[in-house]
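Novice: Sharing upload.txt (compact mmCIF, C-alpha atoms) below.
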```txt
# COMPACT_ATOMS: atom_id res chain seq x y z
CA MET A 1293 48.34 61.52 172.35
CA SER A 1294 46.92 64.51 170.47
CA GLU A 1295 49.67 66.74 171.87
CA ILE A 1296 52.39 64.37 170.61
CA SER A 1297 50.73 64.24 167.18
CA ARG A 1298 50.64 68.03 167.00
CA THR A 1299 54.32 68.22 168.03
CA VAL A 1300 55.42 65.85 165.30
CA SER A 1301 53.32 67.74 162.74
CA THR A 1302 54.89 71.02 163.75
CA ALA A 1303 58.42 69.52 163.46
CA LEU A 1304 57.65 68.34 159.93
CA GLN A 1305 56.32 71.77 159.09
CA SER A 1306 59.58 73.31 160.33
CA LEU A 1307 61.58 70.93 158.12
CA ARG A 1308 59.44 71.79 155.11
CA GLN A 1309 59.96 75.50 155.77
CA ARG A 1310 63.71 74.97 155.71
CA GLU A 1311 63.43 73.14 152.39
CA THR A 1312 61.28 75.95 150.99
CA THR A 1313 63.80 78.52 152.18
CA SER A 1314 66.67 76.63 150.54
CA ARG A 1315 64.74 76.31 147.27
CA LEU A 1316 63.86 80.01 147.23
CA ALA A 1317 67.48 80.95 147.92
CA ALA A 1318 68.60 78.85 144.93
CA GLN A 1319 65.95 80.43 142.70
CA ILE A 1320 67.03 83.89 143.82
CA SER A 1321 70.64 83.06 142.95
CA ASP A 1322 69.64 81.91 139.45
CA THR A 1323 67.35 84.90 138.90
CA SER A 1324 70.06 87.31 140.07
CA TYR A 1325 72.35 85.80 137.43
CA GLU A 1326 69.72 86.39 134.76
CA VAL A 1327 69.21 90.00 135.88
CA THR A 1328 72.97 90.62 135.80
CA THR A 1329 73.92 88.83 132.57
CA GLY A 1330 70.70 88.80 130.54
CA LEU A 1331 71.18 85.04 130.02
CA LYS A 1332 69.19 82.09 131.30
CA ALA A 1333 70.74 80.54 134.39
CA ASN A 1334 69.91 77.01 133.21
CA PRO A 1335 69.65 77.39 129.43
CA TYR A 1336 69.58 73.70 128.55
CA ASP A 1337 66.69 72.99 130.93
CA ALA A 1338 64.80 76.00 129.61
CA LEU A 1339 65.43 75.32 125.91
CA GLY A 1340 64.44 71.68 125.84
CA HIS A 1341 64.93 70.21 122.35
CA LYS A 1342 66.56 73.48 121.20
CA SER A 1343 69.44 72.91 123.61
CA ALA A 1344 71.31 71.10 120.81
CA ASP A 1345 71.31 74.35 118.80
CA ALA A 1346 72.68 76.25 121.79
CA ILE A 1347 75.47 73.69 122.28
CA ALA A 1348 76.40 73.89 118.58
CA ILE A 1349 76.59 77.69 118.73
CA ARG A 1350 78.72 77.58 121.89
CA MET A 1351 81.15 75.20 120.17
CA GLN A 1352 81.41 77.57 117.20
CA ILE A 1353 82.06 80.49 119.55
CA VAL A 1354 84.84 78.59 121.32
CA ARG A 1355 86.39 77.63 117.98
CA ASN A 1356 86.16 81.18 116.63
CA ASP A 1357 87.61 82.66 119.82
CA GLY A 1358 90.49 80.19 119.59
CA PHE A 1359 91.31 81.35 116.06
CA LEU A 1360 91.13 84.99 117.15
CA ALA A 1361 93.58 84.39 120.00
CA SER A 1362 96.06 82.36 117.92
CA ASN A 1363 95.85 84.77 114.98
CA ALA A 1364 96.63 87.72 117.22
CA LEU A 1365 99.81 85.92 118.32
CA LEU A 1366 100.62 85.02 114.72
CA ASP A 1367 100.28 88.64 113.66
CA GLY A 1368 102.83 89.56 116.31
CA ARG A 1369 105.20 86.92 114.95
CA PHE A 1370 104.89 88.16 111.38
CA LEU A 1371 105.50 91.71 112.60
CA ALA A 1372 108.64 90.57 114.42
CA VAL A 1373 109.91 88.82 111.28
CA GLU A 1374 109.09 91.83 109.11
CA THR A 1375 110.93 94.14 111.50
CA SER A 1376 113.98 91.86 111.61
CA LEU A 1377 114.13 91.62 107.82
CA GLY A 1378 114.01 95.41 107.66
CA ALA A 1379 116.90 95.73 110.12
CA ILE A 1380 119.01 93.20 108.17
CA ARG A 1381 118.24 94.99 104.91
CA ASP A 1382 119.23 98.37 106.37
CA ALA A 1383 122.55 96.97 107.61
CA GLY A 1384 123.31 95.43 104.20
CA GLN A 1385 122.30 98.60 102.36
CA ASP A 1386 124.70 100.65 104.45
CA VAL A 1387 127.61 98.34 103.56
CA LEU A 1388 126.67 98.38 99.87
CA GLU A 1389 126.74 102.18 99.81
CA GLN A 1390 130.12 102.27 101.57
CA SER A 1391 131.57 99.74 99.12
CA PHE A 1392 131.29 102.18 96.21
CA PHE A 1393 133.63 104.63 97.94
CA ALA A 1394 136.13 102.23 99.46
CA GLN A 1395 138.01 101.44 96.24
CA SER A 1396 138.47 105.07 95.31
CA SER A 1397 139.89 105.96 98.72
CA ALA A 1398 143.01 104.69 100.40
CA GLY A 1399 143.84 102.72 103.51
CA GLN A 1400 141.48 103.47 106.36
CA THR A 1401 138.28 103.69 104.27
CA SER A 1402 138.56 100.14 102.92
CA ALA A 1403 139.48 98.88 106.39
CA GLN A 1404 136.35 100.56 107.73
CA LEU A 1405 134.36 98.80 105.03
CA SER A 1406 135.60 95.44 106.33
CA GLN A 1407 134.57 96.44 109.84
CA ALA A 1408 131.15 97.59 108.62
CA ALA A 1409 130.66 94.29 106.79
CA ARG A 1410 131.59 92.36 109.94
CA SER A 1411 129.09 94.42 111.95
CA ALA A 1412 126.40 93.74 109.36
CA ILE A 1413 127.11 90.01 109.63
CA ASP A 1414 126.48 90.22 113.38
CA THR A 1415 123.22 92.05 112.68
CA LEU A 1416 122.14 89.39 110.20
CA ILE A 1417 122.92 86.54 112.60
CA GLY A 1418 121.35 88.30 115.57
CA ARG A 1419 118.16 89.51 113.90
CA SER A 1420 117.56 86.21 112.11
CA GLY A 1421 117.36 84.69 115.60
CA VAL A 1422 114.12 86.54 116.36
CA SER A 1423 111.89 84.46 118.63
CA ASP A 1424 108.83 84.44 120.85
CA SER A 1425 107.18 81.96 123.20
CA SER A 1426 106.66 79.53 120.30
CA GLY A 1427 110.38 79.41 119.46
CA TYR A 1428 112.65 80.80 116.75
CA LEU A 1429 110.67 82.29 113.87
CA MET A 1430 113.20 81.95 111.01
CA SER A 1431 114.31 78.35 111.58
CA GLY A 1432 111.52 76.71 109.59
CA THR A 1433 109.84 73.90 111.49
CA ALA A 1434 112.89 73.52 113.79
CA THR A 1435 111.56 76.25 116.07
CA ASP A 1436 113.66 75.07 119.03
CA THR A 1437 116.91 75.80 117.20
CA LYS A 1438 118.57 79.18 116.69
CA PRO A 1439 118.85 79.45 112.90
CA MET A 1440 122.33 80.93 112.37
CA GLN A 1441 125.61 79.73 113.83
CA GLY A 1442 127.74 82.36 115.59
CA TRP A 1443 130.24 83.72 113.09
CA ASP A 1444 133.31 82.78 115.11
CA THR A 1445 131.74 79.82 116.92
CA PRO A 1446 132.63 76.28 115.77
CA HIS A 1447 129.58 74.28 114.75
CA PRO A 1448 128.98 71.37 117.18
CA ASN A 1449 128.57 68.87 114.32
CA THR A 1450 131.44 69.89 112.04
CA GLY A 1451 133.82 71.67 114.41
CA LEU A 1452 134.13 74.47 111.85
CA SER A 1453 133.23 78.12 112.35
CA PRO A 1454 131.72 80.18 109.50
CA SER A 1455 134.50 82.76 109.70
CA GLY A 1456 137.15 80.04 109.65
CA ILE A 1457 135.67 78.52 106.50
CA VAL A 1458 135.66 81.89 104.72
CA ASP A 1459 139.21 82.67 105.88
CA ASP A 1460 140.39 79.35 104.47
CA VAL A 1461 138.97 80.28 101.05
CA VAL A 1462 141.04 83.48 100.86
CA SER A 1463 144.07 82.27 102.80
CA GLY A 1464 146.04 81.48 99.62
CA GLY A 1465 146.01 85.13 98.66
CA LEU A 1466 144.12 87.08 96.00
CA ASN A 1467 146.98 88.29 93.87
CA THR A 1468 145.64 87.67 90.38
CA LEU A 1469 142.32 87.59 88.59
CA ALA A 1470 142.58 83.78 88.48
CA ASP A 1471 142.99 83.67 92.28
CA VAL A 1472 139.95 85.87 92.73
CA GLN A 1473 137.81 83.80 90.35
CA THR A 1474 138.79 80.59 92.13
CA ALA A 1475 137.86 82.11 95.51
CA ILE A 1476 134.57 83.46 94.13
CA ASP A 1477 133.62 80.04 92.77
CA ALA A 1478 134.51 78.42 96.09
CA MET A 1479 132.35 80.93 98.00
CA LYS A 1480 129.40 80.30 95.68
CA ASP A 1481 129.73 76.54 96.17
CA ILE A 1482 129.82 76.92 99.95
CA PHE A 1483 126.81 79.21 100.21
CA ASN A 1484 124.79 77.15 97.71
CA ASP A 1485 125.67 73.81 99.40
CA LEU A 1486 127.50 72.62 96.29
CA ASN A 1487 130.87 71.85 97.89
CA THR A 1488 130.78 68.10 97.29
CA GLY A 1489 134.48 67.67 98.08
CA ASP A 1490 134.00 68.72 101.72
CA PRO A 1491 130.26 68.96 102.56
CA ALA A 1492 131.04 69.99 106.14
CA ARG A 1493 132.05 73.39 104.78
CA ASN A 1494 128.66 74.00 103.14
CA PHE A 1495 126.21 76.63 104.35
CA GLU A 1496 123.63 74.26 105.82
CA ALA A 1497 126.33 72.17 107.49
CA SER A 1498 128.23 74.86 109.39
CA PHE A 1499 126.44 78.23 108.92
CA TYR A 1500 122.76 77.34 109.38
CA ASN A 1501 121.02 75.21 112.02
CA GLY A 1502 117.32 75.31 111.09
CA THR A 1503 115.22 73.15 108.78
CA PRO A 1504 117.21 72.38 105.59
CA ALA A 1505 115.89 73.58 102.24
CA THR A 1506 115.39 69.98 101.06
CA ASP A 1507 114.86 66.61 102.69
CA GLY A 1508 116.98 63.48 102.25
CA GLY A 1509 115.25 62.72 98.96
CA GLY A 1510 115.95 66.15 97.52
CA GLN A 1511 112.35 67.36 97.91
CA PRO A 1512 111.69 70.86 99.32
CA ASN A 1513 110.89 70.85 103.03
CA SER A 1514 107.59 72.45 103.98
CA PRO A 1515 107.85 75.83 105.75
CA LEU A 1516 106.33 76.52 109.15
CA THR A 1517 102.57 76.61 108.49
CA THR A 1518 99.70 77.70 110.73
CA ARG A 1519 95.94 77.26 110.32
CA ILE A 1520 94.24 80.65 110.56
CA SER A 1521 90.64 79.57 109.88
CA GLU A 1522 88.59 76.49 109.14
CA THR A 1523 89.64 76.64 105.48
CA GLU A 1524 92.90 78.62 105.40
CA THR A 1525 96.53 78.11 106.32
CA ILE A 1526 99.40 80.57 106.11
CA ALA A 1527 103.13 79.82 105.80
CA GLN A 1528 106.12 81.62 107.28
CA THR A 1529 108.55 81.38 104.35
CA ALA A 1530 111.14 83.91 105.54
CA GLN A 1531 113.80 81.50 106.77
CA ALA A 1532 117.45 82.20 107.45
CA ASN A 1533 118.49 79.81 104.66
CA ASN A 1534 116.54 81.69 102.03
CA PRO A 1535 118.64 82.46 98.90
CA ALA A 1536 118.43 86.17 99.71
CA MET A 1537 120.00 85.62 103.14
CA ARG A 1538 122.71 83.43 101.62
CA ASP A 1539 123.59 86.00 98.95
CA LEU A 1540 123.71 88.86 101.42
CA LEU A 1541 125.85 86.91 103.87
CA ARG A 1542 128.19 85.80 101.08
CA GLY A 1543 128.77 89.38 99.90
CA LEU A 1544 129.29 90.62 103.46
CA ALA A 1545 131.70 87.75 104.19
CA MET A 1546 133.76 88.62 101.11
CA LEU A 1547 134.16 92.23 102.23
CA SER A 1548 134.71 91.30 105.86
CA ALA A 1549 137.46 88.75 105.15
CA VAL A 1550 139.36 90.84 102.59
CA ASP A 1551 140.38 94.49 102.58
CA VAL A 1552 139.75 95.20 98.90
CA ASN A 1553 142.47 97.82 98.66
CA GLN A 1554 145.03 95.20 99.68
CA ILE A 1555 144.48 93.35 96.41
CA SER A 1556 147.29 94.69 94.26
CA ASP A 1557 146.02 93.72 90.83
CA PRO A 1558 143.38 96.29 89.70
CA ASP A 1559 141.39 93.77 87.67
CA ALA A 1560 141.41 91.27 90.52
CA ARG A 1561 140.43 93.98 93.00
CA GLU A 1562 137.55 95.11 90.81
CA ALA A 1563 136.36 91.53 90.24
CA TRP A 1564 136.29 90.75 93.98
CA ALA A 1565 134.56 94.01 94.93
CA SER A 1566 132.09 93.74 92.06
CA GLU A 1567 131.13 90.17 92.97
CA ALA A 1568 130.67 91.16 96.62
CA ARG A 1569 128.47 94.12 95.64
CA ASP A 1570 126.41 91.98 93.27
CA ALA A 1571 125.86 89.36 95.99
CA ILE A 1572 124.80 92.03 98.49
CA ALA A 1573 122.52 93.71 95.95
CA SER A 1574 120.92 90.35 95.09
CA GLY A 1575 120.43 89.63 98.76
CA LEU A 1576 118.87 93.04 99.40
CA SER A 1577 116.48 92.58 96.48
CA GLY A 1578 115.43 89.20 97.85
CA LEU A 1579 115.05 90.57 101.37
CA THR A 1580 112.82 93.36 100.08
CA GLU A 1581 110.62 90.71 98.44
CA LEU A 1582 110.54 88.65 101.65
CA GLU A 1583 109.68 91.73 103.69
CA THR A 1584 106.92 92.71 101.24
CA ASN A 1585 105.46 89.20 101.22
CA THR A 1586 105.47 89.12 105.00
CA GLY A 1587 103.60 92.43 105.04
CA LEU A 1588 101.07 91.05 102.55
CA LYS A 1589 100.53 88.02 104.76
CA ARG A 1590 99.88 90.33 107.70
CA THR A 1591 97.28 92.11 105.58
CA ARG A 1592 95.65 88.80 104.70
CA LEU A 1593 95.73 87.82 108.36
CA ALA A 1594 94.15 91.14 109.35
CA ASP A 1595 91.31 90.51 106.89
CA THR A 1596 90.77 87.06 108.38
CA ILE A 1597 90.76 88.45 111.91
CA ALA A 1598 88.20 91.11 110.92
CA ALA A 1599 85.95 88.44 109.41
CA GLN A 1600 86.27 86.31 112.55
CA GLU A 1601 85.46 89.25 114.79
CA SER A 1602 82.34 89.90 112.71
CA ARG A 1603 81.44 86.22 112.91
CA GLY A 1604 81.96 86.34 116.67
CA GLY A 1605 79.44 89.17 116.96
CA PHE A 1606 76.92 87.22 114.86
CA LEU A 1607 77.38 84.06 116.95
CA ASP A 1608 76.93 86.03 120.17
CA SER A 1609 73.66 87.42 118.77
CA GLU A 1610 72.46 83.92 117.87
CA ARG A 1611 73.38 82.66 121.30
CA LEU A 1612 71.52 85.54 122.93
CA LEU A 1613 68.39 84.72 120.91
CA LEU A 1614 68.41 81.21 122.37
CA GLU A 1615 69.86 81.70 125.83
CA GLY A 1616 68.84 85.30 126.50
CA THR A 1617 66.17 86.30 128.97
CA ASP A 1618 64.02 89.38 129.59
CA GLN A 1619 65.94 91.23 132.30
CA TYR A 1620 62.86 93.29 133.27
CA ASP A 1621 60.85 90.10 133.76
CA ALA A 1622 63.75 88.56 135.69
CA ALA A 1623 63.92 91.63 137.96
CA THR A 1624 60.18 91.32 138.67
CA ARG A 1625 60.56 87.63 139.52
CA LEU A 1626 63.54 88.44 141.73
CA THR A 1627 61.43 90.89 143.76
CA GLN A 1628 58.68 88.29 144.17
CA LEU A 1629 61.13 85.61 145.23
CA GLN A 1630 62.75 87.94 147.76
CA THR A 1631 59.30 88.66 149.26
CA GLN A 1632 58.55 84.93 149.48
CA LEU A 1633 61.91 84.27 151.08
CA GLU A 1634 61.35 86.95 153.72
CA SER A 1635 57.96 85.39 154.54
CA SER A 1636 59.53 81.94 154.74
CA TYR A 1637 62.22 83.24 157.09
CA ALA A 1638 59.53 84.74 159.32
CA VAL A 1639 57.57 81.47 159.53
CA THR A 1640 60.73 79.48 160.16
CA ALA A 1641 61.74 81.85 162.94
CA ARG A 1642 58.33 81.51 164.65
CA LEU A 1643 58.46 77.71 164.45
CA SER A 1644 61.98 77.59 165.82
CA ASN A 1645 60.95 79.67 168.87
CA MET A 1646 58.03 77.38 169.83
CA SER A 1647 58.48 74.90 172.70
CA PHE A 1648 56.61 71.85 173.96
CA LEU A 1649 54.58 74.16 176.21
CA ASN A 1650 52.96 75.67 173.12
CA PHE A 1651 51.24 72.33 172.53
CA MET A 1652 50.06 71.57 176.07
```
Output the file's structure as structure tokens, nothing else.
Specialist:
Amino acid sequence: MSEISRTVSTALQSLRQRETTSRLAAQISDTSYEVTTGLKANPYDALGHKSADAIAIRMQIVRNDGFLASNALLDGRFLAVETSLGAIRDAGQDVLEQSFFAQSSAGQTSAQLSQAARSAIDTLIGRSGVSDSSGYLMSGTATDTKPMQGWDTPHPNTGLSPSGIVDDVVSGGLNTLADVQTAIDAMKDIFNDLNTGDPARNFEASFYNGTPATDGGGQPNSPLTTRISETETIAQTAQANNPAMRDLLRGLAMLSAVDVNQISDPDAREAWASEARDAIASGLSGLTELETNTGLKRTRLADTIAAQESRGGFLDSERLLLEGTDQYDAATRLTQLQTQLESSYAVTARLSNMSFLNFM
């Protein structure tokens, strides 16, 4: 009977050794983490009632990191918009400079001006369609829609193309000053959405596809706005239906649709060319302001990012004060645990090699 009792006792001892080995292995894993990271492996158990402070700090870190990530993307979007505005402005400036020489030269120079204006229109339409993973950046809140309609492409809602609308305005001929003034007034109405007789020919009906300037009640629509901190938001106001874009496109369309030197009446020719130049100049001035404002918003965003990076460093320090551990002490404990584990393995091995004969 005594031999059986001793056998059962030894079996229990073997089981306990396995449990001890497993526990030591888990402690070694946790201590190794502390040695490597300098943080407590089980901070909430170790902190007790202070664990609520640690959770609050972690939540602030996650929130701050989220703002840093989204603001970095937003900065890239503002840069893309700023670059596109610069490219559109350069294209318009080139046409404006050419326009001053076209009237004083004959034939081919004015024809080249029309071609340059048409090329600038393509640049305006193409660069206003700048986009990233979030969608189109100059369409207002309608980020899933390309802002500008292709110049020769009929709009799906009206069946009219922008170029066709402009060609219709000048199709009656610009032979007199009265003809020119009538065409100028018609162009202004179209690009300012004031053509009440045929609204389908207005800018926002057939030229532009993004968020309209006003809602159904005539109130201004809000621009695309992003929260950049707990207390701040920032708006992307450079939309393709901005007055500057409309003026620039109107002036370019006037020069593209009409070869100014083909207007026989000198006063009429000067009136058409002067109105086109004024529209382009107004558009360029507005674009410069939009470009400057976008750059200022990038500066403001950079300041916010710098503050959030500083805050991130402070929060990490606060977290380390609560969840940090002495790595030297952890290394000492790791050595002790490894020694205990080796001893436990040795005892377990001896017990596993014993047979019933050892107890007889």
Novice: Compile the contact shell of A:Arg1538 as a VMD selection string: residues with an atom at most 10 Å away, counting only C-alpha atoms, same-chain residues fewer than 5 positions apart removed.
Specialist: chain A and resid 1480 1482 to 1484 1495 1499 to 1500 1532 to 1533 1543 to 1544 1571 to 1572 1574 to 1575
Novice: Keeping C-alpha atoms for every residue in the selection just given, could you write it to a file as a PDB file, in the coordinates of the input?
Specialist:
```
ATOM      1  CA  LYS A1480     129.400  80.300  95.680  1.00  0.00           C
ATOM      2  CA  ILE A1482     129.820  76.920  99.950  1.00  0.00           C
ATOM      3  CA  PHE A1483     126.810  79.210 100.210  1.00  0.00           C
ATOM      4  CA  ASN A1484     124.790  77.150  97.710  1.00  0.00           C
ATOM      5  CA  PHE A1495     126.210  76.630 104.350  1.00  0.00           C
ATOM      6  CA  PHE A1499     126.440  78.230 108.920  1.00  0.00           C
ATOM      7  CA  TYR A1500     122.760  77.340 109.380  1.00  0.00           C
ATOM      8  CA  ALA A1532     117.450  82.200 107.450  1.00  0.00           C
ATOM      9  CA  ASN A1533     118.490  79.810 104.660  1.00  0.00           C
ATOM     10  CA  GLY A1543     128.770  89.380  99.900  1.00  0.00           C
ATOM     11  CA  LEU A1544     129.290  90.620 103.460  1.00  0.00           C
ATOM     12  CA  ALA A1571     125.860  89.360  95.990  1.00  0.00           C
ATOM     13  CA  ILE A1572     124.800  92.030  98.490  1.00  0.00           C
ATOM     14  CA  SER A1574     120.920  90.350  95.090  1.00  0.00           C
ATOM     15  CA  GLY A1575     120.430  89.630  98.760  1.00  0.00           C
TER      16      GLY A1575
END
```
Novice: My list of candidates is A:Ser1455, A:Gln1352, A:Asn1553, A:Thr1415. Which is closest to A:Thr1401 when distances are computed with all atoms listed in the file?
Specialist: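 Closest to A:Thr1401, using all atoms listed in the file: A:Asn1553.
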Novice: Find the residues near stretch 1513-1522 of chain A: any atom within 12 Å, counting all atoms listed in the file, skip ones fewer than 5 places away on the same chain, and give them as number ranges by chain.
Specialist: A: 1352, 1355-1367, 1369-1370, 1426-1435, 1502-1508, 1527-1534, 1589-1590, 1592-1600, 1603
Novice: Considering all atoms listed in the file, can you say which of A:Ser1577, A:Ser1420, A:Thr1586, A:Gln1554 comes closest to A:Leu1540?
Specialist: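 Among the listed residues, A:Ser1577 lies closest to A:Leu1540.
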Novice: How many Å separate atom CA of A:Asp1459 from atom CA of A:Asp1557?
Specialist: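 According to the coordinates, atom CA of A:Asp1459 and atom CA of A:Asp1557 are separated by 19.9 Å.
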Novice: In Å, how far is it from atom CA of A:Glu1567 to atom CA of A:Val1472?
Specialist: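 Separation between atom CA of A:Glu1567 and atom CA of A:Val1472: 9.8 Å.
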Novice: Atom CA of A:Asp1490 to atom CA of A:Val1461: how many Å, to one decimal?
Specialist: 12.6 Å
Novice: Choose the residue, out of A:Arg1611, A:Lys1438, A:Arg1542, A:Arg1561, that has the smallest atom-to-atom separation from A:Leu1576; count all atoms listed in the file.
Specialist: A:Arg1542
Novice: Would you mind telling me which residue in A:Gly1578, A:Thr1631, A:Ala1565, A:Arg1493 lies nearest to A:Leu1388 when using all atoms listed in the file?
Specialist: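 For A:Leu1388, the nearest of the given residues is A:Ala1565.
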Novice: Give the answer as one residue: which of A:Met1537, A:Ala1560, A:Leu1377, A:Leu1486 has the shortest atom-to-atom distance to A:Thr1584, using all atoms listed in the file?
Specialist: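 Using all atoms listed in the file, the shortest distance to A:Thr1584 belongs to A:Leu1377.
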Novice: Can you fill out stretch 1432-1440 of chain A with all heavy atoms and hand it back as a compact mmCIF listing (two decimals), in the frame of the given file?
Specialist:
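So the final result, stored in rebuild.txt, reads:
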```
# COMPACT_ATOMS: atom_id res chain seq x y z
N GLY A 1432 112.41 77.70 110.19
CA GLY A 1432 111.52 76.71 109.59
C GLY A 1432 110.75 75.98 110.67
O GLY A 1432 110.32 76.57 111.65
N THR A 1433 110.59 74.69 110.50
CA THR A 1433 109.84 73.90 111.49
C THR A 1433 110.70 73.56 112.71
O THR A 1433 110.16 73.09 113.71
CB THR A 1433 109.33 72.60 110.86
OG1 THR A 1433 110.42 71.87 110.29
CG2 THR A 1433 108.31 72.90 109.76
N ALA A 1434 112.00 73.78 112.64
CA ALA A 1434 112.89 73.52 113.79
C ALA A 1434 112.89 74.74 114.71
O ALA A 1434 113.92 75.41 114.89
CB ALA A 1434 114.30 73.20 113.30
N THR A 1435 111.74 75.02 115.30
CA THR A 1435 111.56 76.25 116.07
C THR A 1435 112.36 76.27 117.38
O THR A 1435 112.49 77.32 118.00
CB THR A 1435 110.08 76.47 116.39
OG1 THR A 1435 109.56 75.32 117.08
CG2 THR A 1435 109.28 76.69 115.12
N ASP A 1436 112.88 75.12 117.80
CA ASP A 1436 113.66 75.07 119.03
C ASP A 1436 115.14 75.33 118.80
O ASP A 1436 115.94 75.27 119.74
CB ASP A 1436 113.47 73.71 119.71
CG ASP A 1436 113.91 72.55 118.83
OD1 ASP A 1436 113.98 72.74 117.60
OD2 ASP A 1436 114.17 71.46 119.36
N THR A 1437 115.50 75.63 117.55
CA THR A 1437 116.91 75.80 117.20
C THR A 1437 117.17 77.19 116.67
O THR A 1437 116.48 77.66 115.75
CB THR A 1437 117.32 74.76 116.12
OG1 THR A 1437 117.02 73.45 116.59
CG2 THR A 1437 118.80 74.87 115.81
N LYS A 1438 118.19 77.86 117.21
CA LYS A 1438 118.57 79.18 116.69
C LYS A 1438 119.09 79.00 115.27
O LYS A 1438 119.98 78.17 115.03
CB LYS A 1438 119.64 79.82 117.58
CG LYS A 1438 119.91 81.27 117.24
CD LYS A 1438 120.82 81.91 118.28
CE LYS A 1438 121.02 83.39 117.98
NZ LYS A 1438 121.87 84.06 118.98
N PRO A 1439 118.57 79.77 114.30
CA PRO A 1439 118.85 79.45 112.90
C PRO A 1439 120.31 79.59 112.46
O PRO A 1439 120.82 78.74 111.74
CB PRO A 1439 117.96 80.43 112.13
CG PRO A 1439 117.64 81.52 113.09
CD PRO A 1439 117.61 80.88 114.44
N MET A 1440 120.99 80.67 112.88
CA MET A 1440 122.33 80.93 112.37
C MET A 1440 123.40 80.63 113.42
O MET A 1440 123.26 80.98 114.59
CB MET A 1440 122.45 82.38 111.91
CG MET A 1440 121.51 82.75 110.76
SD MET A 1440 121.85 81.81 109.26
CE MET A 1440 123.43 82.49 108.78
```
